[in-house]
Amino acid sequence: MIETFGIPVTPVTGKKPRRVYVYLPPQAEEDEDARFPVLYMFDGHNVFFDAHATYGKAWGMGEYLDETETPLMVVAVDCNHRPPHGRLSEYSPFTFEEEGFGRVVGRGKKFMDWLTGTLKPLIDEKYPTLPDREHTFIAGSSMGGLMSLYAVTAYNHVFSRAAALSPSVWLVRGQMAPLIRKAAYEEGTVVYMDYGSREMGNHQGMLHCFMDTAAALTERGVYVTARIVPNGDHCEACWEEQIPFFMPHLFYDRE
């Protein structure tokens, strides 16, 4: 079952409501006492429904979870669609300049403060969650992948596990890995990250940034799986195909 509601993201975009999708596993209806881990996801409009997706193709996360009977809640928040660079700004922890974009002010911290300080308490109050760090995960792709790495690093007291698909670490090169190398991670932090092989030539230094990020996480004691997806592309169809790869990492070493 997928519910939706609107909520303002006041620190970032003011009072205009942002759509939030909430997936509840079938077990929630079968057992009213059951409680579930929660996966927070970026770009919520691309997670469940093709009709809502930017390019007409969603991840199909609901179908996967139903078919596999995975006991997991998913909370997916729409991105900032405001021009010229609402999504880039909201999904970057750092201010950067890039040809074609100009200067983009990073508002990622403000967004994560809202997600952890406003949205998560609301979800924990309204839904049958397991609210502790051990059962709270985060995932996203592209800029959402970058934000997933940032979230599990800067908000490690909230998120124990992250999946970062095609993370845009190249866009903030020289900033993400140093942040990771200074961070303190709690024991048992797990990160899955990947890139499609066909993406690697899209921007200069992508492979180096990807591997440096994975190395930095490993140096800090994080359990890391880093993959190059054979013939992988930068698109929802490819990211959907990676769900069976990253999902087990969210439940790694769990009963």
# chains A, B, ... in the order shown; residues from 1 in each chain; ligands from 1
>>> select_by_dssp(residues="region 21-168 of chain A", states="helix (DSSP H, G or I)", output="NGL selection string")
:A and (27-30 or 44-46 or 50-52 or 61-68 or 86-90 or 108-126 or 133-135 or 143-154)
>>> residues_around(residues="Arg161 (chain A)", least_positions_apart="5", cutoff="7 Å", atoms="only C-alpha atoms", output="list in words")
Phe137, Ile138, Val152, Thr189, Val190, Val191 and Leu250 of chain A
>>> write_last_selection(atoms="N, CA and C atoms", output="JSON list (two decimals), in the first residue's frame")
[["chain", "number", "residue", "atom", "x", "y", "z"],
["A", 137, "PHE", "N", 17.38, 3.74, 7.19],
["A", 137, "PHE", "CA", 18.28, 3.71, 6.04],
["A", 137, "PHE", "C", 17.97, 4.88, 5.10],
["A", 138, "ILE", "N", 18.85, 5.08, 4.12],
["A", 138, "ILE", "CA", 18.63, 6.15, 3.15],
["A", 138, "ILE", "C", 19.21, 5.73, 1.80],
["A", 152, "VAL", "N", 24.51, 9.59, 5.42],
["A", 152, "VAL", "CA", 25.05, 8.53, 6.27],
["A", 152, "VAL", "C", 26.35, 8.96, 6.93],
["A", 189, "THR", "N", 28.13, 0.67, 10.31],
["A", 189, "THR", "CA", 27.67, 1.47, 9.16],
["A", 189, "THR", "C", 27.95, 0.73, 7.86],
["A", 190, "VAL", "N", 26.97, 0.67, 6.98],
["A", 190, "VAL", "CA", 27.08, -0.06, 5.72],
["A", 190, "VAL", "C", 26.71, 0.88, 4.57],
["A", 191, "VAL", "N", 27.53, 0.88, 3.53],
["A", 191, "VAL", "CA", 27.26, 1.70, 2.34],
["A", 191, "VAL", "C", 27.40, 0.85, 1.09],
["A", 250, "LEU", "N", 21.07, -3.49, 2.96],
["A", 250, "LEU", "CA", 20.33, -2.80, 4.00],
["A", 250, "LEU", "C", 19.97, -3.73, 5.15]]
>>> closest_residue(among="A:Ser148, A:Ser160, A:Thr116, A:Gln242", to="His135 (chain A)", atoms="only C-alpha atoms")
A:Ser160
>>> closest_residue(among="A:Arg133, A:Lys182, A:His203, A:His45", to="Ala58 (chain A)", atoms="only C-alpha atoms")
A:His45
>>> residues_around(residues="Asp124 (chain A)", least_positions_apart="6", cutoff="12 Å", atoms="only C-alpha atoms", output="CSV table (one decimal) with C-alpha atoms, in the first residue's frame")
chain,number,residue,atom,x,y,z
A,22,VAL,CA,4.9,6.2,2.1
A,35,ARG,CA,7.0,-2.6,13.3
A,36,PHE,CA,9.3,-2.0,10.3
A,37,PRO,CA,12.6,-0.6,9.3
A,38,VAL,CA,12.3,2.6,7.2
A,73,MET,CA,8.7,0.8,4.9
A,75,VAL,CA,9.4,7.1,2.6
A,116,THR,CA,15.6,14.3,10.2
A,117,GLY,CA,14.1,17.0,12.5
A,118,THR,CA,10.6,17.4,11.0
A,130,LEU,CA,11.3,0.9,14.1
A,131,PRO,CA,12.7,4.5,14.7
A,132,ASP,CA,16.2,3.7,16.0
A,135,HIS,CA,16.6,0.3,11.4
A,136,THR,CA,16.8,3.7,9.6
>>> select_by_dssp(residues="region 9-243 of chain A", states="strand (DSSP E or B)", output="PyMOL selection string")
chain A and resi 17-23+36+38-41+73-77+96-98+102-104+129+136-141+161-165+190-196+223-229
>>> residues_around(residues="Asn231 (chain A)", least_positions_apart="6", cutoff="12 Å", atoms="only C-alpha atoms", output="PyMOL selection string")
chain A and resi 195-200+238+241
>>> write_last_selection(atoms="N, CA and C atoms", output="compact mmCIF listing (two decimals), in the first residue's frame")
# COMPACT_ATOMS: atom_id res chain seq x y z
N TYR A 195 28.20 2.58 -9.99
CA TYR A 195 28.16 3.41 -11.19
C TYR A 195 28.01 2.50 -12.39
N GLY A 196 27.30 2.97 -13.40
CA GLY A 196 27.21 2.22 -14.64
C GLY A 196 28.45 2.42 -15.49
N SER A 197 28.91 1.37 -16.13
CA SER A 197 30.14 1.47 -16.93
C SER A 197 29.98 2.48 -18.07
N ARG A 198 28.78 2.66 -18.57
CA ARG A 198 28.56 3.61 -19.67
C ARG A 198 28.52 5.05 -19.18
N GLU A 199 28.45 5.24 -17.87
CA GLU A 199 28.46 6.60 -17.30
C GLU A 199 29.86 7.16 -17.16
N MET A 200 30.84 6.30 -17.06
CA MET A 200 32.17 6.71 -16.63
C MET A 200 32.82 7.75 -17.54
N CYS A 238 17.89 1.45 -15.29
CA CYS A 238 19.10 0.77 -14.80
C CYS A 238 19.11 0.71 -13.28
N GLU A 241 17.12 -2.05 -11.89
CA GLU A 241 17.79 -3.35 -11.99
C GLU A 241 18.77 -3.58 -10.84
>>> atom_distance(atom1="CA of Phe96 (chain A)", atom2="CA of Tyr155 (chain A)")
21.4 Å
>>> residues_around(residues="Glu97 (chain A)", least_positions_apart="4", cutoff="12 Å", atoms="only C-alpha atoms", output="ChimeraX atom specification")
/A:85,88-89,92,101-106,170-173
>>> write_last_selection(atoms="all heavy atoms", output="mmCIF file, in the first residue's frame")
data_model
loop_
_atom_site.group_PDB
_atom_site.id
_atom_site.type_symbol
_atom_site.label_atom_id
_atom_site.label_comp_id
_atom_site.auth_asym_id
_atom_site.auth_seq_id
_atom_site.Cartn_x
_atom_site.Cartn_y
_atom_site.Cartn_z
ATOM 1 N N HIS A 85 17.823 25.829 -10.617
ATOM 2 C CA HIS A 85 18.595 24.697 -10.104
ATOM 3 C C HIS A 85 18.101 24.264 -8.731
ATOM 4 O O HIS A 85 18.896 23.972 -7.833
ATOM 5 C CB HIS A 85 20.079 25.053 -10.027
ATOM 6 C CG HIS A 85 20.693 25.462 -11.320
ATOM 7 N ND1 HIS A 85 20.612 24.687 -12.463
ATOM 8 C CD2 HIS A 85 21.381 26.584 -11.667
ATOM 9 C CE1 HIS A 85 21.239 25.307 -13.458
ATOM 10 N NE2 HIS A 85 21.706 26.448 -13.002
ATOM 11 N N LEU A 88 19.373 20.684 -7.791
ATOM 12 C CA LEU A 88 20.819 20.668 -7.566
ATOM 13 C C LEU A 88 21.170 21.326 -6.239
ATOM 14 O O LEU A 88 22.019 20.836 -5.487
ATOM 15 C CB LEU A 88 21.544 21.393 -8.705
ATOM 16 C CG LEU A 88 21.628 20.683 -10.050
ATOM 17 C CD1 LEU A 88 22.308 21.596 -11.070
ATOM 18 C CD2 LEU A 88 22.388 19.375 -9.934
ATOM 19 N N SER A 89 20.528 22.436 -5.942
ATOM 20 C CA SER A 89 20.814 23.157 -4.713
ATOM 21 C C SER A 89 20.388 22.358 -3.489
ATOM 22 O O SER A 89 21.150 22.226 -2.517
ATOM 23 C CB SER A 89 20.099 24.509 -4.736
ATOM 24 O OG SER A 89 20.306 25.211 -3.537
ATOM 25 N N SER A 92 22.630 19.140 -2.861
ATOM 26 C CA SER A 92 24.087 19.259 -2.737
ATOM 27 C C SER A 92 24.443 19.746 -1.339
ATOM 28 O O SER A 92 23.946 20.789 -0.896
ATOM 29 C CB SER A 92 24.674 20.216 -3.767
ATOM 30 O OG SER A 92 26.078 20.333 -3.567
ATOM 31 N N PHE A 101 26.019 25.140 -15.364
ATOM 32 C CA PHE A 101 25.164 25.402 -14.210
ATOM 33 C C PHE A 101 25.442 26.766 -13.591
ATOM 34 O O PHE A 101 24.550 27.395 -13.044
ATOM 35 C CB PHE A 101 25.361 24.336 -13.125
ATOM 36 C CG PHE A 101 25.027 22.940 -13.558
ATOM 37 C CD1 PHE A 101 25.897 21.887 -13.291
ATOM 38 C CD2 PHE A 101 23.847 22.663 -14.227
ATOM 39 C CE1 PHE A 101 25.600 20.598 -13.674
ATOM 40 C CE2 PHE A 101 23.542 21.375 -14.614
ATOM 41 C CZ PHE A 101 24.423 20.341 -14.343
ATOM 42 N N GLY A 102 26.689 27.203 -13.659
ATOM 43 C CA GLY A 102 27.083 28.398 -12.929
ATOM 44 C C GLY A 102 27.301 28.065 -11.470
ATOM 45 O O GLY A 102 27.679 26.945 -11.118
ATOM 46 N N ARG A 103 27.052 29.024 -10.596
ATOM 47 C CA ARG A 103 27.242 28.818 -9.161
ATOM 48 C C ARG A 103 25.945 28.305 -8.552
ATOM 49 O O ARG A 103 24.889 28.901 -8.706
ATOM 50 C CB ARG A 103 27.660 30.121 -8.477
ATOM 51 C CG ARG A 103 27.987 29.974 -6.984
ATOM 52 C CD ARG A 103 28.533 31.281 -6.439
ATOM 53 N NE ARG A 103 28.961 31.143 -5.062
ATOM 54 C CZ ARG A 103 28.189 31.352 -3.992
ATOM 55 N NH1 ARG A 103 26.919 31.744 -4.187
ATOM 56 N NH2 ARG A 103 28.653 31.201 -2.766
ATOM 57 N N VAL A 104 26.048 27.178 -7.867
ATOM 58 C CA VAL A 104 24.897 26.551 -7.215
ATOM 59 C C VAL A 104 25.154 26.523 -5.714
ATOM 60 O O VAL A 104 26.164 25.971 -5.259
ATOM 61 C CB VAL A 104 24.657 25.124 -7.738
ATOM 62 C CG1 VAL A 104 23.500 24.468 -6.986
ATOM 63 C CG2 VAL A 104 24.376 25.137 -9.239
ATOM 64 N N VAL A 105 24.263 27.127 -4.962
ATOM 65 C CA VAL A 105 24.399 27.174 -3.506
ATOM 66 C C VAL A 105 23.900 25.863 -2.907
ATOM 67 O O VAL A 105 22.762 25.457 -3.138
ATOM 68 C CB VAL A 105 23.606 28.350 -2.916
ATOM 69 C CG1 VAL A 105 23.681 28.343 -1.391
ATOM 70 C CG2 VAL A 105 24.132 29.668 -3.469
ATOM 71 N N GLY A 106 24.765 25.188 -2.173
ATOM 72 C CA GLY A 106 24.396 23.920 -1.564
ATOM 73 C C GLY A 106 23.489 24.098 -0.355
ATOM 74 O O GLY A 106 23.866 24.760 0.616
ATOM 75 N N TRP A 170 31.463 13.518 -8.560
ATOM 76 C CA TRP A 170 32.322 14.279 -9.473
ATOM 77 C C TRP A 170 31.967 15.767 -9.462
ATOM 78 O O TRP A 170 32.819 16.624 -9.705
ATOM 79 C CB TRP A 170 32.178 13.725 -10.902
ATOM 80 C CG TRP A 170 30.779 13.853 -11.434
ATOM 81 C CD1 TRP A 170 29.755 12.956 -11.289
ATOM 82 C CD2 TRP A 170 30.232 14.962 -12.137
ATOM 83 N NE1 TRP A 170 28.609 13.428 -11.874
ATOM 84 C CE2 TRP A 170 28.865 14.662 -12.410
ATOM 85 C CE3 TRP A 170 30.751 16.183 -12.586
ATOM 86 C CZ2 TRP A 170 28.031 15.533 -13.101
ATOM 87 C CZ3 TRP A 170 29.904 17.057 -13.280
ATOM 88 C CH2 TRP A 170 28.572 16.733 -13.526
ATOM 89 N N LEU A 171 30.701 16.079 -9.165
ATOM 90 C CA LEU A 171 30.238 17.457 -9.215
ATOM 91 C C LEU A 171 30.794 18.284 -8.060
ATOM 92 O O LEU A 171 30.942 19.503 -8.169
ATOM 93 C CB LEU A 171 28.709 17.491 -9.192
ATOM 94 C CG LEU A 171 28.011 18.760 -9.671
ATOM 95 C CD1 LEU A 171 28.416 19.117 -11.099
ATOM 96 C CD2 LEU A 171 26.497 18.593 -9.583
ATOM 97 N N VAL A 172 31.099 17.603 -6.956
ATOM 98 C CA VAL A 172 31.656 18.285 -5.786
ATOM 99 C C VAL A 172 33.036 17.703 -5.478
ATOM 100 O O VAL A 172 33.411 17.525 -4.326
ATOM 101 C CB VAL A 172 30.713 18.153 -4.571
ATOM 102 C CG1 VAL A 172 29.431 18.932 -4.808
ATOM 103 C CG2 VAL A 172 30.395 16.694 -4.264
ATOM 104 N N ARG A 173 33.778 17.401 -6.522
ATOM 105 C CA ARG A 173 35.076 16.766 -6.365
ATOM 106 C C ARG A 173 35.970 17.573 -5.420
ATOM 107 O O ARG A 173 35.994 18.801 -5.451
ATOM 108 C CB ARG A 173 35.771 16.581 -7.706
ATOM 109 C CG ARG A 173 35.689 17.761 -8.650
ATOM 110 C CD ARG A 173 36.167 17.382 -10.055
ATOM 111 N NE ARG A 173 35.918 18.422 -11.038
ATOM 112 C CZ ARG A 173 34.796 18.557 -11.727
ATOM 113 N NH1 ARG A 173 33.811 17.705 -11.517
ATOM 114 N NH2 ARG A 173 34.645 19.525 -12.620
#
>>> closest_residue(among="A:Ala162, A:Cys79, A:Val12, A:Val74", to="Lys120 (chain A)", atoms="only C-alpha atoms")
A:Val74
>>> closest_residue(among="A:Leu72, A:Met147, A:Ile123, A:Ala237", to="Asp50 (chain A)", atoms="only C-alpha atoms")
A:Ala237
>>> closest_residue(among="A:Pro8, A:Pro93, A:Gly44, A:Pro71", to="Gln175 (chain A)", atoms="only C-alpha atoms")
A:Pro93
>>> closest_residue(among="A:Pro83, A:Pro167, A:Gly188, A:Pro25", to="Ser141 (chain A)", atoms="only C-alpha atoms")
A:Pro167
>>> atom_distance(atom1="CA of Gly62 (chain A)", atom2="CA of Asp113 (chain A)")
26.8 Å
>>> atom_distance(atom1="CA of Val169 (chain A)", atom2="CA of Gly140 (chain A)")
12.9 Å
